[in-house]
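Comments concern the structure below.
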Amino acid sequence: MPEVLPLRALHYNLAAVPSLGDVIAPPYDVIDPEQRERLVARSPFNVVEIDLPEDPGGGDAYEHAAETLEEWTLQGILVADREPGLWALTQEYAGPDGERRERRGILCRVRVTEYGAGRVRPHERTHPGPKEDRLRLMRATRHNLSPIFSLYGGDAWRHIDPVIGGEPPWGEARADDGTVNRVWRVGDRGVCEAIAAELADAELLIADGHHRYETAVKYAEEVGGEGAHRYTLMSLTSLNDPGLTVFPTHRLVAGLAGDPAKQEALAATLRDRFQVEEVALDALDPAGEEGVGVFGYVDSHSRRGFRLRLKDPSELSTAMPERSEHYRQLDVAILESIFLGGPLGMRAEDVAAERGIGYVASAVEAIAALDAGWDAAFLLRPTPIEQVRAVAAAGETMPPKSTYFFPKLPTGLAFNPLF
């Protein structure tokens, strides 16, 4: 059972920074060098200086993060709460589909455990590189700097509403993608205890932040004993939250041009295993289509759009014999098994290292990528949240970037001390 507690947060002193919007940032793993430069230009106190550190003197980046965190604390840029509390977050956003929604989350600290039923479950595979980076940062700063995004069954938010209703937020920040983040600090002990009790029997499903969670587990064991290091910073959102949405991540493929054998193998797979129907490029996105194994496909050679439908779904038990039925039904798993591991000859380590494969969030970006050197694009449907739960409950993890939970949680709202 998960142990969910309030945290004695370290956070920005809003009287000492231009605005909350100037100092928060997206998660470290979606920030490119140009965006990092823009964020630092916005404010020298932007959180990327500690969460995605670079030492201007060429020294150790992680030590630079630790020194910066200490310096900001001594200067009063960051302040520590005297008493523990929860943080209520709302995110008002327009998704890739254009619809406006509001998603709600509760920032707290959760005791780290190994993955397992009734505790915390993953839904995607992880890679060692990002975990080593986050572990070195955690050792240096001794803080969780960004929250892990997790889902639970139930409605703990009902305890929050009466407390924040009509109250102005502690802070408000508009992200570059237009998302309006509003956060309230909830220090009422009774509310915190009610939420902890509500979530005591919940199973937590990690939506985003698998690398950070596994790093937190390793760090806790590395330090040993009991203490604050046994907990990690999470934002918990109900699976029933009306603002919870999952969008697809489309696949781009390179390495076809100049390889006739691979091109013919791909064409044979399309002919033999899929029903192929030509569609206009503006209708290529398969969202809303029924069936198992349905994709949009376009390549840089023909620039014609095609709808692909798997002819015989029963073949998936042969293609993925060791997998559960829920896993076999995943479009991302079908793509990986039939295309990437078949005619395209990609191994699991190629996918993990993103060799010959790329990812984009929209159909427009996927088609445009054909002008940027990519040879083909496969457009996918969103993975239903029920399917994500079912695969996780079966003890399986999905291929990388199987889901795109939007919006991302901002980094910089609150930090969780590990000492």
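Letters A, B, ... mark the chains of the structure tokens in the order given; residue numbers begin at 1 per chain; ligand numbers begin at 1, in order shown.
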Surrounding residues of Glu193 in chain A excluding itself and chain neighbours under 2 positions, 12 Å, only C-alpha atoms, as a VMD selection string: chain A and resid 3 to 6 84 to 86 108 156 159 to 160 186 to 191 195 to 200
Counting only C-alpha atoms, which residues of range 110-196 of chain A fall within 8 Å of range 402-409 of chain A, and what is the closest atom pair for each with its distance in Å at one decimal, ordered by chain and rising number, as JSON lines?
```
{"residue": "A:Glu124", "atom": "CA", "partner": "A:Ser402", "partner_atom": "CA", "distance": 7.2}
{"residue": "A:Pro147", "atom": "CA", "partner": "A:Leu409", "partner_atom": "CA", "distance": 7.3}
{"residue": "A:Phe149", "atom": "CA", "partner": "A:Leu409", "partner_atom": "CA", "distance": 7.2}
{"residue": "A:Thr179", "atom": "CA", "partner": "A:Pro407", "partner_atom": "CA", "distance": 7.2}
```
Could the residues in this selection be saved with all heavy atoms as a short mmCIF file (atom, residue, chain, number, x, y, z; two decimals), in the first residue's frame?
```cif
data_model
loop_
_atom_site.label_atom_id
_atom_site.label_comp_id
_atom_site.auth_asym_id
_atom_site.auth_seq_id
_atom_site.Cartn_x
_atom_site.Cartn_y
_atom_site.Cartn_z
N GLU A 124 5.85 1.88 -18.76
CA GLU A 124 6.76 1.93 -19.90
C GLU A 124 8.15 1.45 -19.49
O GLU A 124 8.54 1.56 -18.32
CB GLU A 124 6.87 3.35 -20.47
CG GLU A 124 5.65 3.81 -21.22
CD GLU A 124 5.88 5.15 -21.91
OE1 GLU A 124 6.89 5.82 -21.65
OE2 GLU A 124 5.01 5.53 -22.71
N PRO A 147 8.41 16.69 -9.93
CA PRO A 147 7.48 15.65 -9.48
C PRO A 147 7.29 14.55 -10.52
O PRO A 147 7.31 14.78 -11.72
CB PRO A 147 6.17 16.42 -9.27
CG PRO A 147 6.26 17.57 -10.22
CD PRO A 147 7.72 17.94 -10.30
N PHE A 149 4.72 12.05 -12.22
CA PHE A 149 3.29 12.12 -12.50
C PHE A 149 2.70 10.72 -12.38
O PHE A 149 3.06 9.83 -13.16
CB PHE A 149 3.08 12.71 -13.90
CG PHE A 149 1.64 12.81 -14.33
CD1 PHE A 149 0.62 13.01 -13.42
CD2 PHE A 149 1.30 12.74 -15.68
CE1 PHE A 149 -0.70 13.12 -13.83
CE2 PHE A 149 0.00 12.85 -16.11
CZ PHE A 149 -1.01 13.04 -15.18
N THR A 179 -0.48 26.46 -21.32
CA THR A 179 -1.06 25.87 -20.12
C THR A 179 -0.97 26.86 -18.95
O THR A 179 0.08 27.43 -18.69
CB THR A 179 -0.33 24.58 -19.74
OG1 THR A 179 -0.45 23.64 -20.81
CG2 THR A 179 -0.91 23.97 -18.47
#
```
All strand (DSSP E) residues (DSSP, backbone) inside range 139-287 of chain A, as a ChimeraX atom specification: /A:143-144,148-152,171-174,180-186,204-208,231-238,246-247,250-253,274-279
Counting only C-alpha atoms, the residue of A:Arg174, A:His250, A:Arg36, A:Thr90 that sits nearest Asp161 in chain A: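 The shortest atom-to-atom distance to Asp161 in chain A comes from A:Thr90.
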DSSP helix (DSSP H, G or I) residues within range 219-331 of chain A, listed as a ChimeraX atom specification: /A:219-223,228-230,260-273,281-283,313-319,325-328,331
Computed interatomic separation between CA of Asp55 in chain A and CA of Leu7 in chain A (Å):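 Atom-to-atom, CA of Asp55 in chain A and CA of Leu7 in chain A are spaced 29.6 Å apart.
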For Asp22 in chain A, find every residue with an atom within 7 Å (counting only C-alpha atoms), except residues of its own chain fewer than 4 positions away, and show them as a JSON list (two decimals) with N, CA, C and O atoms, in the first residue's frame.
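File produced: out-v2.json:
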```json
[["chain", "number", "residue", "atom", "x", "y", "z"],
["A", 18, "PRO", "N", 10.93, 37.48, -10.36],
["A", 18, "PRO", "CA", 10.01, 38.30, -11.16],
["A", 18, "PRO", "C", 8.59, 37.76, -11.16],
["A", 18, "PRO", "O", 7.62, 38.50, -10.97],
["A", 42, "ARG", "N", 15.26, 34.33, -19.48],
["A", 42, "ARG", "CA", 14.04, 34.84, -18.86],
["A", 42, "ARG", "C", 14.30, 35.22, -17.41],
["A", 42, "ARG", "O", 13.81, 36.22, -16.91],
["A", 43, "SER", "N", 15.08, 34.38, -16.71],
["A", 43, "SER", "CA", 15.46, 34.68, -15.33],
["A", 43, "SER", "C", 16.69, 33.86, -14.97],
["A", 43, "SER", "O", 16.74, 32.66, -15.25],
["A", 46, "ASN", "N", 15.92, 30.67, -13.08],
["A", 46, "ASN", "CA", 15.07, 29.61, -13.63],
["A", 46, "ASN", "C", 15.57, 28.25, -13.15],
["A", 46, "ASN", "O", 16.77, 28.00, -13.04]]
```
Residue nearest Lys218 in chain A - candidates A:Ala261, A:Leu236, A:Met138, A:Leu244, atoms counted: only C-alpha atoms: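 Using only C-alpha atoms, Lys218 in chain A sits closest to A:Met138.
Distance check against Glu325 in chain A using only C-alpha atoms: of A:Asp350, A:Val292, A:Arg104, A:Glu264, the minimum falls on A:Val292.
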Distance table requested - range 345-408 of chain A against range 118-122 of chain A, cut-off 8 Å, only C-alpha atoms: one row per qualifying residue with the closest atom pair and its distance in Å to one decimal, ordered by chain and rising residue number, as JSON lines.
```
{"residue": "A:Ala392", "atom": "CA", "partner": "A:Arg121", "partner_atom": "CA", "distance": 6.3}
{"residue": "A:Ala393", "atom": "CA", "partner": "A:Arg121", "partner_atom": "CA", "distance": 7.7}
{"residue": "A:Gly395", "atom": "CA", "partner": "A:Arg121", "partner_atom": "CA", "distance": 7.9}
{"residue": "A:Thr397", "atom": "CA", "partner": "A:Pro122", "partner_atom": "CA", "distance": 6.5}
```
Residue nearest Leu135 in chain A - candidates A:Glu365, A:Glu221, A:Glu289, A:Asp371, atoms counted: only C-alpha atoms: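 Between A:Glu365, A:Glu221, A:Glu289, A:Asp371, the residue approaching Leu135 in chain A most closely is A:Glu221.
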Residues near Ile334 in chain A, cut-off 12 Å, only C-alpha atoms, skip fewer than 4 positions along chain, as a ChimeraX atom specification: /A:273-274,292-295,308-310,312-320,323,325-330,338-342,378,380,398-399,402
Keeping only N, CA and C atoms, write the selected residues as a tab-separated table (two decimals), in the first residue's frame.
```tsv
chain	number	residue	atom	x	y	z
A	273	ARG	N	0.07	-8.37	-44.84
A	273	ARG	CA	-0.49	-8.42	-43.50
A	273	ARG	C	-1.48	-7.31	-43.19
A	274	PHE	N	-1.64	-6.36	-44.10
A	274	PHE	CA	-2.55	-5.24	-43.84
A	274	PHE	C	-3.48	-4.97	-45.02
A	292	VAL	N	-8.21	-3.48	-34.40
A	292	VAL	CA	-6.91	-3.80	-33.81
A	292	VAL	C	-5.83	-3.57	-34.86
A	293	GLY	N	-4.81	-2.80	-34.52
A	293	GLY	CA	-3.71	-2.57	-35.44
A	293	GLY	C	-4.09	-1.67	-36.60
A	294	VAL	N	-4.43	-0.42	-36.29
A	294	VAL	CA	-4.82	0.55	-37.32
A	294	VAL	C	-3.83	1.71	-37.28
A	295	PHE	N	-3.26	2.05	-38.45
A	295	PHE	CA	-2.23	3.08	-38.52
A	295	PHE	C	-2.44	3.99	-39.72
A	308	LEU	N	-3.73	1.78	-42.77
A	308	LEU	CA	-3.36	0.38	-42.63
A	308	LEU	C	-4.23	-0.28	-41.57
A	309	ARG	N	-4.77	-1.47	-41.89
A	309	ARG	CA	-5.56	-2.24	-40.94
A	309	ARG	C	-5.05	-3.67	-40.93
A	310	LEU	N	-4.68	-4.16	-39.77
A	310	LEU	CA	-4.17	-5.52	-39.65
A	310	LEU	C	-5.24	-6.50	-40.12
A	312	ASP	N	-5.35	-9.93	-39.89
A	312	ASP	CA	-5.66	-11.07	-39.03
A	312	ASP	C	-5.10	-10.84	-37.63
A	313	PRO	N	-5.89	-10.23	-36.72
A	313	PRO	CA	-5.40	-9.98	-35.36
A	313	PRO	C	-5.01	-11.25	-34.60
A	314	SER	N	-5.53	-12.40	-35.03
A	314	SER	CA	-5.19	-13.64	-34.32
A	314	SER	C	-3.71	-13.99	-34.47
A	315	GLU	N	-3.05	-13.42	-35.48
A	315	GLU	CA	-1.62	-13.71	-35.68
A	315	GLU	C	-0.76	-13.09	-34.57
A	316	LEU	N	-1.34	-12.17	-33.81
A	316	LEU	CA	-0.55	-11.50	-32.79
A	316	LEU	C	-0.12	-12.45	-31.67
A	317	SER	N	-0.90	-13.50	-31.43
A	317	SER	CA	-0.50	-14.46	-30.40
A	317	SER	C	0.74	-15.23	-30.83
A	318	THR	N	0.92	-15.39	-32.14
A	318	THR	CA	2.14	-16.03	-32.65
A	318	THR	C	3.29	-15.04	-32.68
A	319	ALA	N	2.99	-13.79	-33.05
A	319	ALA	CA	4.03	-12.76	-33.14
A	319	ALA	C	4.57	-12.38	-31.77
A	320	MET	N	3.70	-12.41	-30.74
A	320	MET	CA	4.11	-12.04	-29.38
A	320	MET	C	3.62	-13.09	-28.39
A	323	ARG	N	3.52	-12.54	-24.50
A	323	ARG	CA	2.82	-11.35	-24.00
A	323	ARG	C	1.35	-11.63	-23.69
A	325	GLU	N	-2.75	-10.76	-23.62
A	325	GLU	CA	-3.66	-10.32	-24.68
A	325	GLU	C	-3.77	-8.80	-24.68
A	326	HIS	N	-3.76	-8.17	-23.50
A	326	HIS	CA	-3.84	-6.72	-23.43
A	326	HIS	C	-2.64	-6.08	-24.13
A	327	TYR	N	-1.46	-6.64	-23.90
A	327	TYR	CA	-0.25	-6.09	-24.53
A	327	TYR	C	-0.32	-6.25	-26.05
A	328	ARG	N	-0.76	-7.42	-26.51
A	328	ARG	CA	-0.81	-7.68	-27.96
A	328	ARG	C	-1.74	-6.73	-28.69
A	329	GLN	N	-2.72	-6.18	-27.98
A	329	GLN	CA	-3.68	-5.28	-28.61
A	329	GLN	C	-3.16	-3.86	-28.77
A	330	LEU	N	-2.02	-3.57	-28.16
A	330	LEU	CA	-1.47	-2.22	-28.23
A	330	LEU	C	-0.96	-1.91	-29.63
A	338	ILE	N	5.71	-6.01	-35.68
A	338	ILE	CA	5.52	-6.33	-37.09
A	338	ILE	C	6.41	-5.49	-38.00
A	339	PHE	N	6.57	-4.22	-37.70
A	339	PHE	CA	7.34	-3.33	-38.59
A	339	PHE	C	8.78	-3.12	-38.12
A	340	LEU	N	8.92	-2.59	-36.91
A	340	LEU	CA	10.27	-2.21	-36.47
A	340	LEU	C	11.18	-3.43	-36.35
A	341	GLY	N	10.68	-4.49	-35.73
A	341	GLY	CA	11.49	-5.69	-35.56
A	341	GLY	C	11.44	-6.62	-36.75
A	342	GLY	N	10.59	-6.31	-37.73
A	342	GLY	CA	10.46	-7.15	-38.92
A	342	GLY	C	11.25	-6.60	-40.08
A	378	PHE	N	4.73	6.63	-39.33
A	378	PHE	CA	3.59	5.83	-38.90
A	378	PHE	C	2.81	6.65	-37.88
A	380	LEU	N	-0.17	6.89	-35.10
A	380	LEU	CA	-0.83	5.98	-34.17
A	380	LEU	C	-2.04	6.63	-33.53
A	398	MET	N	5.10	-1.21	-21.36
A	398	MET	CA	4.88	-0.90	-22.76
A	398	MET	C	6.16	-0.38	-23.41
A	399	PRO	N	6.21	-0.37	-24.74
A	399	PRO	CA	7.37	0.21	-25.43
A	399	PRO	C	7.55	1.68	-25.06
A	402	SER	N	4.90	5.13	-25.42
A	402	SER	CA	3.61	4.56	-25.79
A	402	SER	C	2.47	5.53	-25.52
```
Residue neighbourhood Ile106 in chain A, 8 Å, only C-alpha atoms, exclusion window fewer than 6 positions, as number ranges by chain: A: 86-89, 157, 234-237
